[in-house]
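For reference, start_21.csv (CSV, C-alpha atoms (C1' of nucleotides)):
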chain,number,residue,atom,x,y,z
A,1,MET,CA,147.7,38.4,226.0
A,2,GLY,CA,146.6,36.0,228.7
A,3,LEU,CA,143.0,36.3,227.3
A,4,LEU,CA,144.1,36.0,223.7
A,5,ALA,CA,146.0,32.8,224.5
A,6,ARG,CA,142.6,31.2,225.3
A,7,GLU,CA,140.6,32.4,222.3
A,8,PRO,CA,140.9,34.8,219.4
A,9,LEU,CA,139.1,38.1,220.2
A,10,THR,CA,138.4,41.5,218.8
A,11,GLY,CA,139.6,44.6,220.7
A,12,TYR,CA,136.0,45.2,221.7
A,13,GLU,CA,135.6,41.7,223.1
A,14,LEU,CA,139.0,41.9,224.8
A,15,THR,CA,137.8,45.1,226.6
A,16,SER,CA,134.7,43.4,227.9
A,17,ARG,CA,136.6,40.2,228.8
A,18,VAL,CA,139.1,42.3,230.9
A,19,ARG,CA,136.2,43.8,232.8
A,20,GLU,CA,134.2,40.6,233.2
A,21,ARG,CA,136.8,37.9,233.7
A,22,ILE,CA,139.9,39.5,235.2
A,23,GLY,CA,138.3,42.8,236.4
A,24,PHE,CA,139.0,42.2,240.1
A,25,PHE,CA,142.8,42.0,239.6
A,26,TRP,CA,143.4,43.9,236.4
A,27,GLY,CA,141.9,46.8,234.5
A,28,ALA,CA,142.2,48.4,231.1
A,29,ARG,CA,140.0,50.6,228.9
A,30,HIS,CA,139.5,50.2,225.2
A,31,SER,CA,141.6,53.4,224.7
A,32,GLN,CA,144.5,51.4,226.2
A,33,ILE,CA,143.7,48.1,224.5
A,34,TYR,CA,143.6,49.2,220.8
A,35,PRO,CA,147.1,50.9,220.8
A,36,GLU,CA,148.5,48.0,222.9
A,37,LEU,CA,147.2,45.4,220.3
A,38,ALA,CA,148.9,47.4,217.5
A,39,LYS,CA,152.1,47.5,219.5
A,40,LEU,CA,152.0,43.7,220.3
A,41,GLU,CA,151.4,43.0,216.6
A,42,SER,CA,154.4,45.1,215.6
A,43,GLU,CA,156.4,43.0,218.0
A,44,GLY,CA,155.1,39.8,216.5
A,45,PHE,CA,153.2,38.5,219.6
A,46,VAL,CA,149.7,38.8,218.0
A,47,THR,CA,148.2,38.9,214.5
A,48,HIS,CA,144.9,39.9,213.3
A,49,GLU,CA,142.5,38.9,210.5
A,50,PRO,CA,140.0,41.4,209.2
A,51,VAL,CA,136.4,40.0,209.2
A,52,ALA,CA,133.7,41.6,207.2
A,53,GLN,CA,130.2,41.6,208.8
A,54,GLU,CA,126.8,42.4,207.5
A,55,GLY,CA,124.7,44.9,209.4
A,56,LYS,CA,127.6,45.5,211.8
A,57,PRO,CA,130.9,47.3,211.5
A,58,ASP,CA,133.8,45.2,210.2
A,59,LYS,CA,136.1,43.8,212.9
A,60,LYS,CA,139.6,42.7,213.5
A,61,VAL,CA,140.0,39.3,215.2
A,62,TYR,CA,143.3,39.1,217.0
A,63,SER,CA,145.0,35.9,218.0
A,64,ILE,CA,148.2,35.0,219.7
A,65,THR,CA,151.2,33.8,217.7
A,66,ASN,CA,153.7,31.1,218.7
A,67,ALA,CA,156.1,33.8,219.7
A,68,GLY,CA,153.4,35.4,221.8
A,69,LEU,CA,152.5,32.2,223.6
A,70,ALA,CA,156.2,31.5,224.3
A,71,ALA,CA,156.6,35.1,225.7
A,72,LEU,CA,153.5,34.7,227.8
A,73,ALA,CA,154.7,31.3,229.2
A,74,GLU,CA,158.1,32.8,230.1
A,75,TRP,CA,156.6,35.9,231.7
A,76,ALA,CA,154.1,33.9,233.8
A,77,ALA,CA,156.8,32.1,235.7
A,78,VAL,CA,159.1,35.1,236.3
A,79,PRO,CA,158.6,36.7,239.8
A,80,ALA,CA,156.7,39.9,239.7
A,81,LYS,CA,158.5,42.9,241.1
A,82,PRO,CA,156.4,44.2,244.0
A,83,GLY,CA,154.4,47.1,242.5
A,84,PRO,CA,152.6,49.4,244.9
A,85,THR,CA,149.2,48.1,245.9
A,86,ARG,CA,146.8,51.1,246.2
A,87,ASP,CA,143.7,50.7,248.3
A,88,GLU,CA,141.8,53.9,248.9
A,89,VAL,CA,139.5,52.3,251.4
A,90,THR,CA,142.3,51.2,253.7
A,91,LEU,CA,143.9,54.7,253.2
A,92,LYS,CA,140.6,56.2,254.4
A,93,ALA,CA,140.6,53.8,257.4
A,94,TYR,CA,144.0,55.2,258.4
A,95,SER,CA,142.4,58.7,258.9
A,96,LEU,CA,139.1,57.4,260.3
A,97,TRP,CA,139.9,58.7,263.8
A,98,ALA,CA,139.3,62.2,262.5
A,99,ALA,CA,136.0,61.4,260.7
A,100,ASP,CA,132.4,61.3,261.9
A,101,PRO,CA,131.9,57.8,263.3
A,102,GLU,CA,128.4,57.4,262.1
A,103,LYS,CA,129.2,58.3,258.5
A,104,ALA,CA,132.3,56.2,258.7
A,105,SER,CA,130.5,53.1,260.0
A,106,ALA,CA,127.8,53.5,257.3
A,107,MET,CA,130.5,53.6,254.7
A,108,PHE,CA,132.2,50.5,255.9
A,109,ARG,CA,128.9,48.7,256.2
A,110,ASP,CA,128.2,49.5,252.6
A,111,GLU,CA,131.7,48.4,251.6
A,112,GLU,CA,131.1,45.2,253.5
A,113,ARG,CA,127.8,44.6,251.7
A,114,ARG,CA,129.5,45.1,248.3
A,115,HIS,CA,132.3,42.6,249.1
A,116,ARG,CA,129.7,40.0,250.4
A,117,GLU,CA,127.8,40.4,247.2
A,118,GLN,CA,130.9,39.9,245.1
A,119,LEU,CA,131.8,36.9,247.3
A,120,ALA,CA,128.4,35.3,246.7
A,121,GLU,CA,128.8,35.8,243.0
A,122,TYR,CA,132.2,34.2,243.0
A,123,GLU,CA,130.8,31.3,245.1
A,124,GLN,CA,128.2,30.7,242.4
A,125,ILE,CA,130.9,30.7,239.7
A,126,LYS,CA,133.0,28.4,241.7
A,127,GLY,CA,130.2,25.9,242.0
A,128,TRP,CA,129.6,26.1,238.3
A,129,MET,CA,133.3,25.5,237.5
A,130,GLU,CA,133.5,22.5,239.9
A,131,ARG,CA,130.5,21.0,238.2
A,132,GLU,CA,131.4,21.8,234.6
A,133,TRP,CA,135.2,21.4,234.7
A,134,GLU,CA,135.6,18.6,237.1
A,135,GLN,CA,138.2,16.8,235.0
A,136,ALA,CA,140.2,19.9,233.9
A,137,LEU,CA,140.5,21.2,237.4
A,138,THR,CA,142.7,18.2,238.4
A,139,ASP,CA,145.3,19.3,235.8
A,140,PRO,CA,147.2,22.6,236.4
A,141,GLY,CA,148.2,22.6,232.7
A,142,THR,CA,144.7,23.6,231.6
A,143,PRO,CA,143.4,27.2,231.2
A,144,GLU,CA,140.4,26.0,233.3
A,145,PHE,CA,142.6,25.3,236.3
A,146,SER,CA,144.2,28.8,235.9
A,147,SER,CA,140.8,30.4,235.9
A,148,TYR,CA,139.8,28.4,238.9
A,149,ALA,CA,142.9,29.4,240.7
A,150,THR,CA,142.4,33.1,240.2
A,151,LEU,CA,138.8,32.8,241.2
A,152,ARG,CA,139.8,31.2,244.4
A,153,ARG,CA,142.1,34.2,245.0
A,154,GLY,CA,139.1,36.5,244.4
A,155,LEU,CA,137.0,34.5,246.8
A,156,GLY,CA,139.6,34.7,249.6
A,157,TYR,CA,140.2,38.3,248.9
A,158,GLU,CA,136.6,39.3,249.1
A,159,ARG,CA,135.9,37.2,252.1
A,160,GLU,CA,138.8,38.7,254.0
A,161,TYR,CA,137.9,42.2,252.9
A,162,ALA,CA,134.2,41.8,253.9
A,163,GLU,CA,135.2,40.4,257.3
A,164,TRP,CA,137.5,43.3,258.0
A,165,CYS,CA,134.9,45.9,256.9
A,166,GLY,CA,132.4,44.1,259.2
A,167,TRP,CA,134.8,44.1,262.2
A,168,LEU,CA,135.6,47.8,261.6
A,169,ALA,CA,132.0,48.8,261.3
A,170,ASP,CA,131.2,46.8,264.5
A,171,SER,CA,134.0,48.6,266.3
A,172,LEU,CA,132.8,52.0,265.2
A,173,GLU,CA,129.2,51.2,266.3
A,174,ARG,CA,130.2,49.9,269.7
A,175,ARG,CA,132.2,53.0,270.6
B,1,MET,CA,147.8,64.3,254.7
B,2,GLY,CA,146.7,61.3,256.8
B,3,LEU,CA,150.3,61.2,258.0
B,4,LEU,CA,150.7,64.9,258.6
B,5,ALA,CA,147.5,64.9,260.6
B,6,ARG,CA,149.3,62.8,263.2
B,7,GLU,CA,152.6,64.7,263.4
B,8,PRO,CA,154.4,67.5,261.5
B,9,LEU,CA,156.9,66.1,259.1
B,10,THR,CA,159.4,67.1,256.4
B,11,GLY,CA,159.0,65.9,252.9
B,12,TYR,CA,161.9,63.5,253.4
B,13,GLU,CA,160.3,62.0,256.6
B,14,LEU,CA,156.9,61.8,254.8
B,15,THR,CA,158.5,59.8,252.1
B,16,SER,CA,159.9,57.3,254.5
B,17,ARG,CA,156.7,57.2,256.5
B,18,VAL,CA,154.7,56.3,253.4
B,19,ARG,CA,157.0,53.4,252.7
B,20,GLU,CA,157.3,52.2,256.3
B,21,ARG,CA,153.8,52.8,257.7
B,22,ILE,CA,151.3,52.7,254.9
B,23,GLY,CA,153.5,51.1,252.3
B,24,PHE,CA,151.3,48.0,251.9
B,25,PHE,CA,148.3,49.9,250.8
B,26,TRP,CA,149.7,53.1,249.4
B,27,GLY,CA,152.9,54.3,247.6
B,28,ALA,CA,154.5,57.5,246.6
B,29,ARG,CA,158.1,58.6,245.8
B,30,HIS,CA,159.7,61.8,247.0
B,31,SER,CA,159.4,63.2,243.4
B,32,GLN,CA,155.6,63.0,243.9
B,33,ILE,CA,155.5,64.2,247.5
B,34,TYR,CA,157.4,67.5,247.1
B,35,PRO,CA,155.2,68.9,244.4
B,36,GLU,CA,152.1,67.6,246.2
B,37,LEU,CA,153.1,69.4,249.4
B,38,ALA,CA,153.5,72.6,247.5
B,39,LYS,CA,150.1,72.1,245.9
B,40,LEU,CA,148.4,71.3,249.2
B,41,GLU,CA,150.0,74.4,250.7
B,42,SER,CA,148.7,76.6,247.9
B,43,GLU,CA,145.2,75.2,248.7
B,44,GLY,CA,145.6,76.0,252.3
B,45,PHE,CA,145.6,72.4,253.6
B,46,VAL,CA,149.1,72.4,255.0
B,47,THR,CA,151.7,75.0,256.0
B,48,HIS,CA,155.4,74.8,256.5
B,49,GLU,CA,158.0,76.3,258.8
B,50,PRO,CA,161.6,76.5,257.7
B,51,VAL,CA,164.0,75.0,260.2
B,52,ALA,CA,167.7,75.7,260.0
B,53,GLN,CA,170.0,72.9,261.1
B,54,GLU,CA,173.7,72.7,261.8
B,55,GLY,CA,175.7,70.1,260.0
B,56,LYS,CA,172.6,69.1,258.0
B,57,PRO,CA,170.7,70.8,255.2
B,58,ASP,CA,167.9,73.1,256.2
B,59,LYS,CA,164.5,71.5,256.2
B,60,LYS,CA,160.8,72.5,255.9
B,61,VAL,CA,158.6,71.0,258.5
B,62,TYR,CA,155.0,70.7,257.2
B,63,SER,CA,151.9,70.5,259.4
B,64,ILE,CA,148.3,70.2,258.6
B,65,THR,CA,146.0,73.2,258.9
B,66,ASN,CA,142.5,73.3,260.4
B,67,ALA,CA,141.1,73.4,256.9
B,68,GLY,CA,143.3,70.4,256.0
B,69,LEU,CA,142.1,68.4,259.0
B,70,ALA,CA,138.5,69.2,258.1
B,71,ALA,CA,139.0,68.2,254.5
B,72,LEU,CA,140.7,64.9,255.6
B,73,ALA,CA,137.8,64.1,258.0
B,74,GLU,CA,135.3,64.8,255.3
B,75,TRP,CA,137.2,62.7,252.7
B,76,ALA,CA,137.7,59.8,255.1
B,77,ALA,CA,134.0,59.1,255.4
B,78,VAL,CA,133.0,59.5,251.7
B,79,PRO,CA,132.8,56.2,249.8
B,80,ALA,CA,135.8,55.5,247.6
B,81,LYS,CA,134.9,54.9,244.0
B,82,PRO,CA,136.2,51.5,243.0
B,83,GLY,CA,139.5,52.1,241.4
B,84,PRO,CA,141.2,49.2,239.5
B,85,THR,CA,143.1,46.8,241.7
B,86,ARG,CA,146.1,45.6,239.9
B,87,ASP,CA,147.8,42.5,241.0
B,88,GLU,CA,150.5,41.2,238.7
B,89,VAL,CA,150.9,37.9,240.6
B,90,THR,CA,147.3,37.0,240.1
B,91,LEU,CA,147.5,38.0,236.5
B,92,LYS,CA,150.4,35.6,236.1
B,93,ALA,CA,148.3,32.9,237.7
B,94,TYR,CA,145.7,33.4,235.0
B,95,SER,CA,148.3,32.3,232.4
B,96,LEU,CA,150.0,29.7,234.5
B,97,TRP,CA,148.6,26.8,232.4
B,98,ALA,CA,151.1,27.8,229.7
B,99,ALA,CA,154.1,28.0,231.9
B,100,ASP,CA,156.7,25.5,233.1
B,101,PRO,CA,155.0,24.0,236.3
B,102,GLU,CA,158.3,23.7,238.1
B,103,LYS,CA,159.3,27.3,237.6
B,104,ALA,CA,155.8,28.3,238.4
B,105,SER,CA,155.6,26.4,241.7
B,106,ALA,CA,159.0,27.8,242.7
B,107,MET,CA,157.7,31.3,242.1
B,108,PHE,CA,154.6,30.8,244.1
B,109,ARG,CA,156.5,29.1,247.0
B,110,ASP,CA,158.7,32.2,247.0
B,111,GLU,CA,155.7,34.5,246.9
B,112,GLU,CA,154.2,32.5,249.8
B,113,ARG,CA,157.4,32.8,251.8
B,114,ARG,CA,157.4,36.6,251.4
B,115,HIS,CA,153.8,36.9,252.5
B,116,ARG,CA,154.5,34.7,255.5
B,117,GLU,CA,157.4,36.9,256.5
B,118,GLN,CA,155.4,40.0,256.2
B,119,LEU,CA,152.6,38.4,258.2
B,120,ALA,CA,155.0,37.5,261.0
B,121,GLU,CA,156.2,41.1,261.0
B,122,TYR,CA,152.7,42.4,261.3
B,123,GLU,CA,151.9,40.0,264.0
B,124,GLN,CA,154.9,41.4,266.0
B,125,ILE,CA,153.6,44.9,265.5
B,126,LYS,CA,150.1,43.9,266.5
B,127,GLY,CA,151.4,42.4,269.7
B,128,TRP,CA,153.3,45.6,270.4
B,129,MET,CA,150.3,47.8,269.7
B,130,GLU,CA,148.0,45.7,271.9
B,131,ARG,CA,150.6,46.0,274.8
B,132,GLU,CA,151.5,49.7,274.3
B,133,TRP,CA,148.1,51.1,273.2
B,134,GLU,CA,145.7,49.0,275.3
B,135,GLN,CA,143.6,52.0,276.3
B,136,ALA,CA,143.6,53.9,273.0
B,137,LEU,CA,142.5,50.8,271.0
B,138,THR,CA,139.1,50.7,272.7
B,139,ASP,CA,138.3,54.2,271.3
B,140,PRO,CA,137.9,54.4,267.5
B,141,GLY,CA,138.4,58.2,267.8
B,142,THR,CA,142.2,57.8,268.3
B,143,PRO,CA,144.9,57.7,265.6
B,144,GLU,CA,146.1,54.5,267.4
B,145,PHE,CA,142.9,52.7,266.7
B,146,SER,CA,143.1,53.7,263.0
B,147,SER,CA,146.7,52.4,262.8
B,148,TYR,CA,145.6,49.2,264.5
B,149,ALA,CA,142.6,48.8,262.0
B,150,THR,CA,144.8,49.2,258.9
B,151,LEU,CA,147.3,46.8,260.4
B,152,ARG,CA,144.6,44.2,260.9
B,153,ARG,CA,143.7,44.6,257.3
B,154,GLY,CA,147.3,44.0,256.3
B,155,LEU,CA,147.4,40.9,258.5
B,156,GLY,CA,144.3,39.4,256.9
B,157,TYR,CA,145.5,40.3,253.5
B,158,GLU,CA,148.9,38.7,253.9
B,159,ARG,CA,147.5,35.6,255.6
B,160,GLU,CA,145.0,35.1,252.8
B,161,TYR,CA,147.6,35.8,250.1
B,162,ALA,CA,150.1,33.4,251.6
B,163,GLU,CA,147.5,30.6,252.0
B,164,TRP,CA,146.4,31.0,248.4
B,165,CYS,CA,150.0,30.9,247.1
B,166,GLY,CA,150.6,27.8,249.2
B,167,TRP,CA,147.5,26.1,247.8
B,168,LEU,CA,148.5,27.0,244.3
B,169,ALA,CA,152.1,25.8,244.7
B,170,ASP,CA,150.8,22.5,246.3
B,171,SER,CA,148.5,22.0,243.3
B,172,LEU,CA,151.4,22.6,240.9
B,173,GLU,CA,153.6,20.1,242.7
B,174,ARG,CA,150.9,17.4,243.0
B,175,ARG,CA,150.3,17.4,239.2
C,1,DT,C1',187.1,55.5,250.9
C,2,DA,C1',182.7,54.0,249.9
C,3,DA,C1',178.1,53.5,251.2
C,4,DG,C1',174.3,55.3,253.7
C,5,DT,C1',171.4,59.1,255.8
C,6,DC,C1',169.3,63.5,255.6
C,7,DA,C1',167.4,66.9,252.6
C,8,DT,C1',165.0,69.1,248.4
C,9,DG,C1',163.9,69.7,244.2
C,10,DT,C1',163.2,69.3,238.5
C,11,DA,C1',162.7,67.0,234.0
C,12,DA,C1',161.7,63.5,231.0
C,13,DA,C1',159.2,59.5,230.0
C,14,DA,C1',155.7,56.0,230.7
C,15,DA,C1',151.2,54.7,231.9
C,16,DG,C1',146.5,55.3,232.4
C,17,DT,C1',141.9,58.0,232.3
C,18,DT,C1',138.6,60.8,230.2
C,19,DA,C1',136.8,62.8,226.5
C,20,DC,C1',136.2,63.3,221.5
C,21,DA,C1',134.5,61.0,217.2
C,22,DT,C1',131.6,58.0,214.2
C,23,DG,C1',127.8,54.9,212.9
C,24,DA,C1',124.7,51.0,212.1
C,25,DT,C1',121.6,47.7,214.4
C,26,DT,C1',118.8,45.9,218.0
C,27,DC,C1',116.1,46.0,222.0
C,28,DT,C1',112.7,48.4,225.2
D,1,DA,C1',112.2,57.6,220.4
D,2,DG,C1',115.9,56.5,223.2
D,3,DA,C1',119.2,53.3,225.2
D,4,DA,C1',122.3,49.6,224.6
D,5,DT,C1',125.4,46.7,221.9
D,6,DC,C1',128.9,46.2,218.5
D,7,DA,C1',133.1,48.2,216.7
D,8,DT,C1',137.5,51.1,216.3
D,9,DG,C1',140.2,54.6,216.8
D,10,DT,C1',142.6,59.4,218.5
D,11,DA,C1',143.6,63.4,221.5
D,12,DA,C1',144.2,65.8,225.7
D,13,DC,C1',145.0,65.4,230.2
D,14,DT,C1',146.5,63.4,234.7
D,15,DT,C1',149.2,60.5,237.3
D,16,DT,C1',153.3,58.0,238.4
D,17,DT,C1',157.9,56.4,237.7
D,18,DT,C1',162.7,56.9,236.6
D,19,DA,C1',166.4,59.6,236.1
D,20,DC,C1',169.0,63.9,236.8
D,21,DA,C1',171.1,67.2,240.2
D,22,DT,C1',173.4,68.7,244.5
D,23,DG,C1',175.8,68.4,248.9
D,24,DA,C1',177.3,67.8,253.8
D,25,DC,C1',177.8,64.5,257.5
D,26,DT,C1',178.2,59.8,259.5
D,27,DT,C1',179.3,55.1,259.8
D,28,DA,C1',181.7,50.8,258.3
Write-out of the structure in structure tokens:
Amino acid sequence: MGLLAREPLTGYELTSRVRERIGFFWGARHSQIYPELAKLESEGFVTHEPVAQEGKPDKKVYSITNAGLAALAEWAAVPAKPGPTRDEVTLKAYSLWAADPEKASAMFRDEERRHREQLAEYEQIKGWMEREWEQALTDPGTPEFSSYATLRRGLGYEREYAEWCGWLADSLERR
Amino acid sequence: MGLLAREPLTGYELTSRVRERIGFFWGARHSQIYPELAKLESEGFVTHEPVAQEGKPDKKVYSITNAGLAALAEWAAVPAKPGPTRDEVTLKAYSLWAADPEKASAMFRDEERRHREQLAEYEQIKGWMEREWEQALTDPGTPEFSSYATLRRGLGYEREYAEWCGWLADSLERR
DNA sequence: TAAGTCATGTAAAAAGTTACATGATTCT
DNA sequence: AGAATCATGTAACTTTTTACATGACTTA
């Protein structure tokens, strides 16, 4: 719904937006999205308009309703109950003492590289946002500011993760 | 299994260890743990010994087998496939533009406070580990080092999260 | 006397993933 | 010719959570 509040989308587009735009902190497959859209529609939070297309299958363009936007605004400011974070890499680190140090350090080097790549990508996007959205970013009431805020979270997360992986790999190599 | 590799435990103790020791990066309730222990036992990765107690219910003390330790060591150095991270707080931030800025900033201040508290707790434990485990922490082949490594991850995670929440709350208040 | 700890399980429900199913167009 | 994109759904399966179920002892 956070995505539909910004622009009307088809289920298909929603699926790719989830992956591309909010993938680092939320995930959902199309098999989850289509039933969820139907459910949200039955609750009055979204509506759809059928759009016929030539040369492509017909599609259903979903948009958020006033009730949906109100529910979203309400939900966004209610404290989240602490759900369990699950990080398999950290879980592996907890049993690393039992593993082969060479394989382990290689694994963490690789993990570090991936986080640094992601970091570089976010840094690019951040630069783009600051150039393109200059004005909007001064106002927390714009979707642009919200996007920028979550991006900053991703940036910090990846930086911290990469640094930790690097430190751990260093420690394993200097044994 | 990562916990059982360190010390034999009952299902009940395992449940509390999961919460207390690895809670920030992994979660499991007792209703998941008991069947899982039975499954691991049928696969030969753990065994249990019944222990009769006076004044308390009898218990089953589980320990890891050689096969279990080998499987754990193997698993620990195999790259984790990137499972979906799910962070409801960041998801909320993505729709913050639609919410009441005052409620939103209060929520993020509160979130910040919680992360700072957790950070302080981890800092205490870190100090304790560095004092108590001085020797073991120089050797990545010890369980102590692994515990220390995951704690450092928690520390970095909480610090970054708290800082981001603070930045976001500041931004919302300076609107 | 009420709440908390120790102790182990099962059942039902919710959530999420993987696989099944189809089909035209466009790009390589 | 094969892969990718657009497009929407369902079914089976796995995982996880919440609730049900029991019971003695200890502490406030």
Checklist line | Expected answer as a VMD selection string: chain D residues within 12 Å of chain A, only C-alpha atoms (C1' of nucleotides) | finding: chain D and resid 5 to 11 16 to 17
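Here CA of Ser147 (chain A) is placed at a distance of 17.2 Å from CA of Ala120 (chain A).
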Note to self: Based on only C-alpha atoms, which of the residues in chain A come within 7 Å of chain B? I want them as a VMD selection string.
What the structure shows: chain A and resid 2 24 to 27 73 to 74 76 to 77 79 to 80 84 to 99 103 to 104 107 139 to 143 146 to 147 150 153 156 to 157 160 164 172 175
With a cut-off of 12 Å, could you pull out the residues of chain C touching chain A and give me the nearest pair of atoms for each, distance in Å to one decimal, using all atoms listed in the file, ordered by chain and ascending number, as JSON lines?
{"residue": "C:DA15", "atom": "C1'", "partner": "A:Gln32", "partner_atom": "CA", "distance": 9.4}
{"residue": "C:DG16", "atom": "C1'", "partner": "A:Gln32", "partner_atom": "CA", "distance": 7.6}
{"residue": "C:DT17", "atom": "C1'", "partner": "A:Arg29", "partner_atom": "CA", "distance": 8.4}
{"residue": "C:DT18", "atom": "C1'", "partner": "A:Ser31", "partner_atom": "CA", "distance": 9.7}
{"residue": "C:DA19", "atom": "C1'", "partner": "A:Ser31", "partner_atom": "CA", "distance": 10.7}
{"residue": "C:DC20", "atom": "C1'", "partner": "A:Ser31", "partner_atom": "CA", "distance": 11.7}
{"residue": "C:DT22", "atom": "C1'", "partner": "A:Pro57", "partner_atom": "CA", "distance": 11.1}
{"residue": "C:DG23", "atom": "C1'", "partner": "A:Pro57", "partner_atom": "CA", "distance": 8.3}
{"residue": "C:DA24", "atom": "C1'", "partner": "A:Lys56", "partner_atom": "CA", "distance": 6.2}
{"residue": "C:DT25", "atom": "C1'", "partner": "A:Gly55", "partner_atom": "CA", "distance": 6.5}
{"residue": "C:DT26", "atom": "C1'", "partner": "A:Gly55", "partner_atom": "CA", "distance": 10.5}
Next item on the list: In the coordinates of the file, take the point (131.2, 40.2, 250.4) and a cut-off of 7 Å; then, counting only C-alpha atoms (C1' of nucleotides), name each qualifying protein, DNA or RNA residue as an MDAnalysis selection string.
Entry: chainID A and resid 112:120 158:159 162
Need to verify the contact set: Leu37 (chain B), 9 Å, all atoms listed in the file, exclusion of same-chain residues closer than 6 positions in sequence. Can you return it as an mmCIF file with C-alpha atoms, keeping the file's coordinate frame?
data_model
loop_
_atom_site.group_PDB
_atom_site.id
_atom_site.type_symbol
_atom_site.label_atom_id
_atom_site.label_comp_id
_atom_site.auth_asym_id
_atom_site.auth_seq_id
_atom_site.Cartn_x
_atom_site.Cartn_y
_atom_site.Cartn_z
ATOM 1 C CA GLY B 11 159.000 65.900 252.900
ATOM 2 C CA VAL B 46 149.100 72.400 255.000
ATOM 3 C CA THR B 47 151.700 75.000 256.000
ATOM 4 C CA TYR B 62 155.000 70.700 257.200
#
Next item on the list: Work out how far CA of Arg21 (chain A) is from CA of Arg131 (chain A), in Å to one decimal.
Entry: 18.6 Å
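Here CA of Ile33 (chain A) is placed at a distance of 15.6 Å from C1' of DA14 (chain C).
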Margin query: Give me, as a PyMOL selection string, all polymer residues having an atom no more than 10 Å from DA28 (chain D), counting all atoms listed in the file and skipping those fewer than 6 positions away in the same chain.
Written below: chain C and resi 2-4
May I have the residues within 10 Å of Glu43 (chain A) as a CSV table (one decimal) with C-alpha atoms, keeping the file's coordinate frame, using only C-alpha atoms (C1' of nucleotides) and disregarding those fewer than 5 positions away in the same chain?
chain,number,residue,atom,x,y,z
A,37,LEU,CA,147.2,45.4,220.3
A,38,ALA,CA,148.9,47.4,217.5
A,67,ALA,CA,156.1,33.8,219.7
A,68,GLY,CA,153.4,35.4,221.8
